[in-house]
Amino acid sequence: MTTSMGRMEGKVALVTGGAEGIGATVGRMIVEQGGSVMLCDVQIDKARTLAEELGSNADACQLDVRDLDQWHAAVKATTNRFGKLNVLCNIAGISEPGNVVDGTLDVWERTIDINLNGPYYGCRAALPSMEANGEPGAIVNIGSMIAIRAASFVAAYSASKAGLLGLTRSIALDCAERGVPIRANMVHPGAIRTPMYNRYKHSGADEPENIERDFAATHPMNRIGEPEEVAKAVVFLASDDASFTTGVDFTVDGGGSIRS
């Protein structure tokens, strides 16, 4: 990695979806760059295993992002363990296919619950604690190139990520207007080589190599992204290097959101 060391020195972050994929990569990078991290996930055993691997600057906490009480407990666990909370990374998310007519109501409700209500609950639970320490802080929400350019085959996902974009901008404006030194930004990945992507690739809808080719073709750079490429953007926005940046759409999508 070419990212500068020490970018997260003195920062304490709570990362959802921290057991695998982008969340795990972000957690690892935060520790590598001098910060501390609470890895929150429903897959608590996986999160604990990673936390043990990362050492004393990492811990793990059970969190279903759909449950506001669990969010309050996770924030408390983070401040008890590390003394404060500076950074919230809302990375947990799901993507399941279905248009408005054919997609199940269960997919709609679960997607909105995890992808939109989850970050809302997280910000509601974490912001008072982040404000209380008086230090510069950051919220980084994971969107999607589909938040900017909707896709027909994932109605719930398109809606959830577009909604999260509005929420992120609202929080950015609120904190700025109140003089609170907390920024809120959004990273929009394209298709990234994660367990979520692999479920699409091996869904049986087509041969895996054809699915990979089709996903790659939605990006002008014509490939699938890597978790490290997204994590570098997240950590930059979480750090003081982005001190005058709030409410942005930071795309890591190989040009997918601007394709012709």
# chains A, B, ... in the order shown; residues from 1 in each chain; ligands from 1

$ closest_atom_pairs --of "range 97-208 of chain A" --to "range 229-244 of chain A" --cutoff "12 Å" --atoms "only C-alpha atoms" --output "CSV"
residue,atom,partner,partner_atom,distance
A:Glu135,CA,A:Asp240,CA,10.6
A:Pro136,CA,A:Asp240,CA,7.6
A:Gly137,CA,A:Ala238,CA,7.5
A:Ala138,CA,A:Ala238,CA,5.2
A:Ile139,CA,A:Ala238,CA,6.9
A:Val140,CA,A:Val234,CA,6.5
A:Asn141,CA,A:Val234,CA,8.5
A:Ile142,CA,A:Val234,CA,8.4
A:Gly143,CA,A:Val230,CA,11.0
A:Ser144,CA,A:Val230,CA,10.9
A:Ala172,CA,A:Phe244,CA,11.4
A:Ala176,CA,A:Phe244,CA,10.5
A:Pro181,CA,A:Ser243,CA,9.0
A:Ile182,CA,A:Ser243,CA,9.2
A:Arg183,CA,A:Ser243,CA,7.8
A:Ala184,CA,A:Leu237,CA,8.6
A:Asn185,CA,A:Leu237,CA,7.0
A:Met186,CA,A:Val234,CA,8.3
A:Val187,CA,A:Val234,CA,6.7
A:His188,CA,A:Val230,CA,8.4
A:Pro189,CA,A:Val230,CA,6.6
A:Gly190,CA,A:Val230,CA,9.3
A:Ala191,CA,A:Val230,CA,10.6
A:Ile192,CA,A:Val230,CA,8.3
A:Arg193,CA,A:Glu229,CA,10.4
A:Thr194,CA,A:Val230,CA,11.2

$ residues_around --residues "Met196 in chain A" --least-positions-apart "2" --cutoff "10 Å" --atoms "only C-alpha atoms" --output "count of residues only"
15

$ closest_residue --among "A:Ser56, A:Gln62, A:Asn90, A:Gln43" --to "Val15 in chain A" --atoms "only C-alpha atoms"
A:Asn90

$ residues_around --residues "His219 in chain A" --least-positions-apart "2" --cutoff "12 Å" --atoms "only C-alpha atoms" --output "list in words"
Met145, Ile146, Pro189, Gly190, Ala191, Ile192, Glu212, Arg213, Asp214, Phe215, Ala216, Ala217, Met221, Asn222, Arg223, Ile224, Gly225, Thr251, Val252, Asp253, Gly254, Gly255, Gly256, Ser257, Ile258, Arg259 and Ser260 of chain A

$ write_last_selection --atoms "N, CA, C and O atoms" --output "short mmCIF file (atom, residue, chain, number, x, y, z; two decimals), in the first residue's frame"
data_model
loop_
_atom_site.label_atom_id
_atom_site.label_comp_id
_atom_site.auth_asym_id
_atom_site.auth_seq_id
_atom_site.Cartn_x
_atom_site.Cartn_y
_atom_site.Cartn_z
N MET A 145 -22.20 3.59 -6.79
CA MET A 145 -22.39 4.35 -8.03
C MET A 145 -23.87 4.34 -8.42
O MET A 145 -24.35 5.22 -9.14
N ILE A 146 -24.63 3.36 -7.88
CA ILE A 146 -26.05 3.26 -8.16
C ILE A 146 -26.84 4.34 -7.41
O ILE A 146 -27.98 4.64 -7.76
N PRO A 189 -18.71 3.19 -4.17
CA PRO A 189 -17.98 2.18 -4.92
C PRO A 189 -18.76 1.71 -6.14
O PRO A 189 -19.99 1.82 -6.20
N GLY A 190 -18.02 1.18 -7.09
CA GLY A 190 -18.63 0.37 -8.13
C GLY A 190 -18.68 -1.06 -7.67
O GLY A 190 -18.79 -1.34 -6.47
N ALA A 191 -18.62 -2.01 -8.59
CA ALA A 191 -18.55 -3.42 -8.21
C ALA A 191 -17.16 -3.69 -7.64
O ALA A 191 -16.15 -3.43 -8.30
N ILE A 192 -17.11 -4.19 -6.41
CA ILE A 192 -15.86 -4.40 -5.69
C ILE A 192 -15.77 -5.88 -5.31
O ILE A 192 -16.78 -6.50 -4.95
N GLU A 212 -18.91 -11.84 -14.37
CA GLU A 212 -17.76 -10.96 -14.10
C GLU A 212 -17.55 -10.00 -15.28
O GLU A 212 -17.34 -8.80 -15.08
N ARG A 213 -17.63 -10.52 -16.48
CA ARG A 213 -17.44 -9.69 -17.68
C ARG A 213 -18.49 -8.57 -17.73
O ARG A 213 -18.17 -7.42 -18.00
N ASP A 214 -19.75 -8.94 -17.43
CA ASP A 214 -20.83 -7.95 -17.50
C ASP A 214 -20.69 -6.89 -16.42
O ASP A 214 -20.93 -5.70 -16.67
N PHE A 215 -20.34 -7.30 -15.20
CA PHE A 215 -20.12 -6.32 -14.13
C PHE A 215 -18.94 -5.41 -14.48
O PHE A 215 -19.02 -4.18 -14.30
N ALA A 216 -17.86 -5.99 -14.96
CA ALA A 216 -16.68 -5.19 -15.32
C ALA A 216 -17.04 -4.16 -16.39
O ALA A 216 -16.58 -3.00 -16.35
N ALA A 217 -17.89 -4.54 -17.32
CA ALA A 217 -18.25 -3.66 -18.44
C ALA A 217 -19.08 -2.45 -18.01
O ALA A 217 -19.18 -1.48 -18.76
N MET A 221 -13.41 1.67 -16.90
CA MET A 221 -12.08 1.09 -16.72
C MET A 221 -12.09 -0.43 -16.91
O MET A 221 -11.04 -1.07 -16.92
N ASN A 222 -13.30 -1.01 -17.06
CA ASN A 222 -13.52 -2.40 -17.47
C ASN A 222 -12.85 -3.43 -16.56
O ASN A 222 -12.23 -4.38 -17.01
N ARG A 223 -13.03 -3.24 -15.25
CA ARG A 223 -12.58 -4.26 -14.30
C ARG A 223 -13.39 -4.12 -13.01
O ARG A 223 -14.12 -3.14 -12.82
N ILE A 224 -13.23 -5.10 -12.14
CA ILE A 224 -13.83 -5.07 -10.81
C ILE A 224 -12.84 -4.38 -9.87
O ILE A 224 -11.63 -4.59 -9.96
N GLY A 225 -13.34 -3.53 -8.97
CA GLY A 225 -12.47 -2.85 -8.02
C GLY A 225 -12.06 -3.75 -6.87
O GLY A 225 -12.64 -4.82 -6.65
N THR A 251 -16.39 9.10 -5.65
CA THR A 251 -16.62 7.87 -6.41
C THR A 251 -15.35 7.05 -6.54
O THR A 251 -14.28 7.57 -6.83
N VAL A 252 -15.51 5.75 -6.29
CA VAL A 252 -14.44 4.77 -6.51
C VAL A 252 -15.08 3.68 -7.36
O VAL A 252 -15.32 2.57 -6.92
N ASP A 253 -15.38 4.05 -8.61
CA ASP A 253 -16.24 3.20 -9.43
C ASP A 253 -15.74 3.03 -10.86
O ASP A 253 -16.51 2.66 -11.75
N GLY A 254 -14.45 3.31 -11.08
CA GLY A 254 -13.90 3.11 -12.40
C GLY A 254 -14.62 3.89 -13.49
O GLY A 254 -14.61 3.51 -14.66
N GLY A 255 -15.27 5.01 -13.11
CA GLY A 255 -16.00 5.84 -14.06
C GLY A 255 -17.44 5.39 -14.29
O GLY A 255 -18.12 5.95 -15.15
N GLY A 256 -17.91 4.41 -13.51
CA GLY A 256 -19.24 3.84 -13.75
C GLY A 256 -20.37 4.83 -13.66
O GLY A 256 -21.36 4.72 -14.41
N SER A 257 -20.27 5.80 -12.76
CA SER A 257 -21.38 6.74 -12.57
C SER A 257 -21.43 7.82 -13.64
O SER A 257 -22.43 8.55 -13.74
N ILE A 258 -20.38 7.94 -14.45
CA ILE A 258 -20.39 8.96 -15.52
C ILE A 258 -20.37 8.36 -16.91
O ILE A 258 -20.20 9.08 -17.90
N ARG A 259 -20.55 7.04 -17.00
CA ARG A 259 -20.45 6.40 -18.31
C ARG A 259 -21.56 6.90 -19.23
O ARG A 259 -22.64 7.29 -18.78
N SER A 260 -21.28 6.87 -20.53
CA SER A 260 -22.26 7.35 -21.51
C SER A 260 -23.36 6.31 -21.74
O SER A 260 -23.22 5.17 -21.38
#
